[in-house]
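As stored in start.cif (mmCIF, C-alpha atoms):
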```
data_my_file
loop_
_atom_site.label_atom_id
_atom_site.label_comp_id
_atom_site.auth_asym_id
_atom_site.auth_seq_id
_atom_site.Cartn_x
_atom_site.Cartn_y
_atom_site.Cartn_z
CA PHE V 61 5.82 2.17 1.84
CA ARG V 62 7.30 1.65 5.31
CA ASN V 63 4.10 3.00 6.87
CA ALA V 64 2.20 0.43 4.82
CA GLY V 65 4.41 -2.36 6.17
CA ALA V 66 6.05 -3.00 2.80
CA GLN V 67 9.71 -3.78 2.14
CA ILE V 68 11.18 -2.53 -1.11
CA LEU V 69 14.13 -4.33 -2.68
CA GLY V 70 15.84 -3.43 -5.93
CA ILE V 71 17.50 -6.17 -7.95
CA SER V 72 19.61 -5.85 -11.07
CA LEU V 73 22.26 -7.71 -13.00
CA ASP V 74 25.01 -5.35 -11.83
CA ASP V 75 27.59 -6.37 -9.24
CA VAL V 76 27.63 -5.42 -5.55
CA ALA V 77 30.23 -2.65 -5.98
CA SER V 78 28.22 -0.85 -8.67
CA HIS V 79 25.06 -1.14 -6.54
CA LYS V 80 26.80 0.41 -3.58
CA GLU V 81 28.01 3.33 -5.69
CA PHE V 82 24.58 3.83 -7.31
CA ALA V 83 22.70 3.65 -3.99
CA GLU V 84 25.03 6.16 -2.35
CA LYS V 85 24.93 8.53 -5.33
CA HIS V 86 21.12 8.56 -5.44
CA GLY V 87 20.42 8.18 -1.70
CA LEU V 88 18.19 5.16 -2.16
CA PRO V 89 16.14 4.33 0.93
CA PHE V 90 16.03 0.60 0.15
CA PRO V 91 18.56 -2.20 -0.45
CA LEU V 92 19.79 -3.12 -3.91
CA LEU V 93 20.53 -6.79 -4.49
CA ALA V 94 23.03 -8.01 -7.07
CA ASP V 95 21.87 -10.71 -9.48
CA ASP V 96 25.11 -10.84 -11.46
CA LYS V 97 24.56 -14.54 -12.27
CA GLN V 98 21.06 -13.70 -13.60
CA GLU V 99 19.40 -16.42 -11.53
CA THR V 100 16.62 -14.29 -10.06
CA ALA V 101 15.95 -12.48 -13.34
CA LYS V 102 15.54 -15.84 -15.08
CA ARG V 103 13.12 -17.10 -12.43
CA TYR V 104 11.01 -13.96 -12.70
CA GLY V 105 11.10 -14.00 -16.50
CA VAL V 106 12.52 -10.48 -16.88
CA LEU V 107 15.66 -11.15 -18.92
CA THR V 108 15.59 -9.42 -22.27
CA LYS V 109 17.98 -8.45 -25.05
CA PHE V 110 19.02 -4.85 -25.69
CA GLY V 111 21.11 -5.10 -28.82
CA THR V 112 23.80 -7.65 -27.97
CA MET V 113 23.44 -7.14 -24.21
CA THR V 114 21.26 -9.16 -21.88
CA VAL V 115 19.44 -6.93 -19.40
CA ALA V 116 16.69 -7.26 -16.85
CA ALA V 117 13.49 -5.42 -17.73
CA ARG V 118 12.38 -2.84 -15.16
CA GLU V 119 9.39 -4.51 -13.56
CA THR V 120 7.81 -4.59 -10.14
CA PHE V 121 6.48 -7.59 -8.25
CA LEU V 122 4.22 -7.31 -5.23
CA ILE V 123 4.89 -10.37 -3.10
CA ASP V 124 2.49 -11.36 -0.35
CA PRO V 125 3.58 -12.41 3.16
CA SER V 126 3.56 -16.09 2.15
CA GLY V 127 6.05 -15.41 -0.66
CA LYS V 128 3.62 -15.64 -3.58
CA ILE V 129 3.51 -13.03 -6.34
CA ALA V 130 0.30 -11.08 -5.73
CA LYS V 131 0.74 -8.66 -8.65
CA HIS V 132 3.19 -7.98 -11.47
CA TYR V 133 3.69 -4.55 -13.04
CA THR V 134 5.63 -3.35 -16.06
CA VAL V 135 7.23 -0.06 -15.08
CA GLY V 136 7.20 2.87 -17.46
CA ARG V 137 10.26 5.09 -17.04
CA ASP V 138 8.15 8.21 -17.52
CA ASP V 139 5.61 7.39 -14.82
CA LEU V 140 7.54 6.31 -11.73
CA VAL V 141 5.47 8.54 -9.42
CA GLY V 142 2.20 7.20 -10.80
CA HIS V 143 3.59 3.68 -10.60
CA SER V 144 4.51 4.14 -6.94
CA LYS V 145 1.00 5.39 -6.15
CA THR V 146 -0.56 2.41 -7.93
CA VAL V 147 1.60 -0.10 -6.07
CA LEU V 148 0.94 1.58 -2.73
CA ALA V 149 -2.81 1.55 -3.38
CA ASP V 150 -2.61 -2.15 -4.25
CA ILE V 151 -0.71 -2.84 -1.02
CA GLU V 152 -3.40 -1.08 0.99
CA ALA V 153 -6.13 -3.00 -0.87
CA PHE V 154 -4.27 -6.26 -0.29
CA LYS V 155 -4.01 -5.50 3.44
CA ALA V 156 -7.71 -4.58 3.65
CA ALA V 157 -8.72 -7.82 1.93
CA ALA V 158 -6.48 -9.83 4.26
CA LYS V 159 -8.19 -8.29 7.30
CA LYS V 160 -11.62 -9.26 5.92
CA GLY V 161 -10.65 -12.79 5.01
#
```

Take the structure in the file and write it out as structure tokens.
Amino acid sequence: FRNAGAQILGISLDDVASHKEFAEKHGLPFPLLADDKQETAKRYGVLTKFGTMTVAARETFLIDPSGKIAKHYTVGRDDLVGHSKTVLADIEAFKAAAKKG
């Protein structure tokens, strides 16, 4: 993704301390942002109920350089590798189209 010029950010409803612990434990190569007030999740329409808990659905947004959502993906837990390949291909296609236009 870096070679493609893309920046990955993870966002969840957890607090900063839990993000730090999770990122260190799993060696994540991208920043995790805390949305503990649920403001970003509300704006992106990803808040959902899981029993009595409110959670953010695991979804991906491809945002273009102007800040507009270029594509929105629902992420399947069982296909993270395939999902990554799809997003990367879309980034490359987006870049190619930008060069033409």

Problem set entry | 10 Å contact set for Thr100 of chain V, only C-alpha atoms, chain neighbours under 5 positions out, as a PyMOL selection string | chain V and resi 71-73+94-95+105-107+116

For this session: Have a look at atom CA of His132 of chain V and atom CA of Asp150 of chain V and let me know their distance in Å, one decimal.
Result: 10.9 Å

First collect every listed atom of segment 139-158 of chain V; then fit an axis-aligned box around them, widen it by 8 Å on each side, and give centre and edge lengths in Å to one decimal, as AutoDock Vina command-line options.
```
--center_x -0.6 --center_y -0.6 --center_z -5.3 --size_x 32.3 --size_y 34.4 --size_z 35.1
```

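Nearest residue to His143 of chain V among V:Lys97, V:Ala130, V:Arg118, V:Ile123 is V:Arg118, counting all atoms listed in the file.
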
Exercise. What is the distance, in Å and to one decimal place, between atom CA of Lys80 of chain V and atom CA of Asp96 of chain V?
Worked result: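 These atoms are spaced 13.8 Å apart.
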
Skip Ile68 of chain V itself and residues of its chain fewer than 4 positions away, then list as a tab-separated table (two decimals) with C-alpha atoms, keeping the file's coordinate frame all residues within 10 Å of it, counting all atoms listed in the file.
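And here's result00.tsv as it stands now:
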```tsv
chain	number	residue	atom	x	y	z
V	61	PHE	CA	5.82	2.17	1.84
V	62	ARG	CA	7.30	1.65	5.31
V	89	PRO	CA	16.14	4.33	0.93
V	90	PHE	CA	16.03	0.60	0.15
V	91	PRO	CA	18.56	-2.20	-0.45
V	92	LEU	CA	19.79	-3.12	-3.91
V	120	THR	CA	7.81	-4.59	-10.14
V	121	PHE	CA	6.48	-7.59	-8.25
V	122	LEU	CA	4.22	-7.31	-5.23
```

Exercise. Given the file above and the PyMOL selection byres ((chain V and resi 154) around 12), which residues are selected, and can you give them as a PyMOL selection string?
Worked result: chain V and resi 64-66+122-125+129-131+147-153+155-161

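Rounded to one decimal, atom CA of Leu88 of chain V and atom CA of Met113 of chain V lie 25.8 Å from each other.
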
For this session: Between V:Lys145, V:Ala117, V:Leu93, V:Gly87, single out the one closest to Asp75 of chain V, counting only C-alpha atoms.
Result: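 Selected residue with least distance to Asp75 of chain V: V:Leu93.
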
Exercise. Looking at all atoms listed in the file, which of V:Glu81, V:Glu99, V:Tyr104, V:Val135 is the one that sits closest to Glu119 of chain V?
Worked result: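 With all atoms listed in the file as the atom set, the closest residue is V:Val135.
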
All heavy atoms are what I want for segment 103-114 of chain V; can you complete it accordingly and write them as a PDB file, in the frame of the given file?
```pdb
ATOM      1  N   ARG V 103      14.288 -16.555 -13.123  1.00  0.00           N
ATOM      2  CA  ARG V 103      13.120 -17.100 -12.430  1.00  0.00           C
ATOM      3  C   ARG V 103      11.899 -16.218 -12.551  1.00  0.00           C
ATOM      4  O   ARG V 103      10.776 -16.701 -12.605  1.00  0.00           O
ATOM      5  CB  ARG V 103      13.444 -17.333 -10.951  1.00  0.00           C
ATOM      6  CG  ARG V 103      14.346 -18.504 -10.734  1.00  0.00           C
ATOM      7  CD  ARG V 103      14.500 -18.798  -9.267  1.00  0.00           C
ATOM      8  NE  ARG V 103      15.347 -19.959  -9.092  1.00  0.00           N
ATOM      9  CZ  ARG V 103      16.169 -20.125  -8.085  1.00  0.00           C
ATOM     10  NH1 ARG V 103      16.269 -19.210  -7.151  1.00  0.00           N
ATOM     11  NH2 ARG V 103      16.904 -21.210  -7.995  1.00  0.00           N
ATOM     12  N   TYR V 104      12.123 -14.899 -12.587  1.00  0.00           N
ATOM     13  CA  TYR V 104      11.010 -13.960 -12.700  1.00  0.00           C
ATOM     14  C   TYR V 104      10.660 -13.631 -14.147  1.00  0.00           C
ATOM     15  O   TYR V 104       9.718 -12.889 -14.406  1.00  0.00           O
ATOM     16  CB  TYR V 104      11.308 -12.674 -11.920  1.00  0.00           C
ATOM     17  CG  TYR V 104      11.065 -12.828 -10.438  1.00  0.00           C
ATOM     18  CD1 TYR V 104      11.963 -13.493  -9.620  1.00  0.00           C
ATOM     19  CD2 TYR V 104       9.907 -12.324  -9.859  1.00  0.00           C
ATOM     20  CE1 TYR V 104      11.740 -13.647  -8.269  1.00  0.00           C
ATOM     21  CE2 TYR V 104       9.667 -12.476  -8.505  1.00  0.00           C
ATOM     22  CZ  TYR V 104      10.583 -13.139  -7.718  1.00  0.00           C
ATOM     23  OH  TYR V 104      10.349 -13.299  -6.369  1.00  0.00           O
ATOM     24  N   GLY V 105      11.411 -14.183 -15.090  1.00  0.00           N
ATOM     25  CA  GLY V 105      11.100 -14.000 -16.500  1.00  0.00           C
ATOM     26  C   GLY V 105      11.311 -12.588 -17.015  1.00  0.00           C
ATOM     27  O   GLY V 105      10.587 -12.144 -17.901  1.00  0.00           O
ATOM     28  N   VAL V 106      12.305 -11.878 -16.483  1.00  0.00           N
ATOM     29  CA  VAL V 106      12.520 -10.480 -16.880  1.00  0.00           C
ATOM     30  C   VAL V 106      13.777 -10.260 -17.716  1.00  0.00           C
ATOM     31  O   VAL V 106      14.091  -9.121 -18.047  1.00  0.00           O
ATOM     32  CB  VAL V 106      12.517  -9.533 -15.660  1.00  0.00           C
ATOM     33  CG1 VAL V 106      11.165  -9.565 -14.959  1.00  0.00           C
ATOM     34  CG2 VAL V 106      13.642  -9.863 -14.694  1.00  0.00           C
ATOM     35  N   LEU V 107      14.482 -11.322 -18.069  1.00  0.00           N
ATOM     36  CA  LEU V 107      15.660 -11.150 -18.920  1.00  0.00           C
ATOM     37  C   LEU V 107      15.219 -10.797 -20.335  1.00  0.00           C
ATOM     38  O   LEU V 107      14.274 -11.374 -20.865  1.00  0.00           O
ATOM     39  CB  LEU V 107      16.499 -12.435 -18.970  1.00  0.00           C
ATOM     40  CG  LEU V 107      17.375 -12.724 -17.773  1.00  0.00           C
ATOM     41  CD1 LEU V 107      18.148 -14.014 -17.991  1.00  0.00           C
ATOM     42  CD2 LEU V 107      18.324 -11.583 -17.465  1.00  0.00           C
ATOM     43  N   THR V 108      15.912  -9.849 -20.921  1.00  0.00           N
ATOM     44  CA  THR V 108      15.590  -9.420 -22.270  1.00  0.00           C
ATOM     45  C   THR V 108      16.875  -8.985 -22.968  1.00  0.00           C
ATOM     46  O   THR V 108      17.888  -8.756 -22.312  1.00  0.00           O
ATOM     47  CB  THR V 108      14.540  -8.282 -22.257  1.00  0.00           C
ATOM     48  OG1 THR V 108      14.116  -8.022 -23.572  1.00  0.00           O
ATOM     49  CG2 THR V 108      15.064  -7.032 -21.615  1.00  0.00           C
ATOM     50  N   LYS V 109      16.821  -8.894 -24.272  1.00  0.00           N
ATOM     51  CA  LYS V 109      17.980  -8.450 -25.050  1.00  0.00           C
ATOM     52  C   LYS V 109      17.837  -6.983 -25.397  1.00  0.00           C
ATOM     53  O   LYS V 109      16.758  -6.518 -25.757  1.00  0.00           O
ATOM     54  CB  LYS V 109      18.117  -9.261 -26.340  1.00  0.00           C
ATOM     55  CG  LYS V 109      18.523 -10.696 -26.129  1.00  0.00           C
ATOM     56  CD  LYS V 109      19.989 -10.772 -25.826  1.00  0.00           C
ATOM     57  CE  LYS V 109      20.443 -12.228 -25.808  1.00  0.00           C
ATOM     58  NZ  LYS V 109      21.833 -12.349 -25.467  1.00  0.00           N
ATOM     59  N   PHE V 110      18.935  -6.242 -25.271  1.00  0.00           N
ATOM     60  CA  PHE V 110      19.020  -4.850 -25.690  1.00  0.00           C
ATOM     61  C   PHE V 110      20.237  -4.790 -26.594  1.00  0.00           C
ATOM     62  O   PHE V 110      21.361  -4.695 -26.114  1.00  0.00           O
ATOM     63  CB  PHE V 110      19.152  -3.930 -24.480  1.00  0.00           C
ATOM     64  CG  PHE V 110      19.129  -2.476 -24.824  1.00  0.00           C
ATOM     65  CD1 PHE V 110      17.949  -1.861 -25.204  1.00  0.00           C
ATOM     66  CD2 PHE V 110      20.285  -1.717 -24.767  1.00  0.00           C
ATOM     67  CE1 PHE V 110      17.916  -0.522 -25.509  1.00  0.00           C
ATOM     68  CE2 PHE V 110      20.265  -0.373 -25.080  1.00  0.00           C
ATOM     69  CZ  PHE V 110      19.078   0.229 -25.457  1.00  0.00           C
ATOM     70  N   GLY V 111      19.994  -4.948 -27.891  1.00  0.00           N
ATOM     71  CA  GLY V 111      21.110  -5.100 -28.820  1.00  0.00           C
ATOM     72  C   GLY V 111      21.784  -6.432 -28.552  1.00  0.00           C
ATOM     73  O   GLY V 111      21.143  -7.474 -28.547  1.00  0.00           O
ATOM     74  N   THR V 112      23.076  -6.413 -28.276  1.00  0.00           N
ATOM     75  CA  THR V 112      23.800  -7.650 -27.970  1.00  0.00           C
ATOM     76  C   THR V 112      23.879  -7.927 -26.477  1.00  0.00           C
ATOM     77  O   THR V 112      24.388  -8.968 -26.069  1.00  0.00           O
ATOM     78  CB  THR V 112      25.237  -7.566 -28.534  1.00  0.00           C
ATOM     79  OG1 THR V 112      25.906  -6.459 -27.940  1.00  0.00           O
ATOM     80  CG2 THR V 112      25.222  -7.432 -30.053  1.00  0.00           C
ATOM     81  N   MET V 113      23.372  -6.991 -25.665  1.00  0.00           N
ATOM     82  CA  MET V 113      23.440  -7.140 -24.210  1.00  0.00           C
ATOM     83  C   MET V 113      22.194  -7.812 -23.657  1.00  0.00           C
ATOM     84  O   MET V 113      21.094  -7.601 -24.161  1.00  0.00           O
ATOM     85  CB  MET V 113      23.581  -5.765 -23.538  1.00  0.00           C
ATOM     86  CG  MET V 113      24.863  -5.055 -23.825  1.00  0.00           C
ATOM     87  SD  MET V 113      24.926  -3.377 -23.110  1.00  0.00           S
ATOM     88  CE  MET V 113      24.215  -3.580 -21.516  1.00  0.00           C
ATOM     89  N   THR V 114      22.380  -8.602 -22.621  1.00  0.00           N
ATOM     90  CA  THR V 114      21.260  -9.160 -21.880  1.00  0.00           C
ATOM     91  C   THR V 114      21.028  -8.257 -20.680  1.00  0.00           C
ATOM     92  O   THR V 114      21.948  -7.964 -19.923  1.00  0.00           O
ATOM     93  CB  THR V 114      21.561 -10.586 -21.410  1.00  0.00           C
ATOM     94  OG1 THR V 114      21.798 -11.399 -22.572  1.00  0.00           O
ATOM     95  CG2 THR V 114      20.417 -11.172 -20.618  1.00  0.00           C
TER      96      THR V 114
END
```
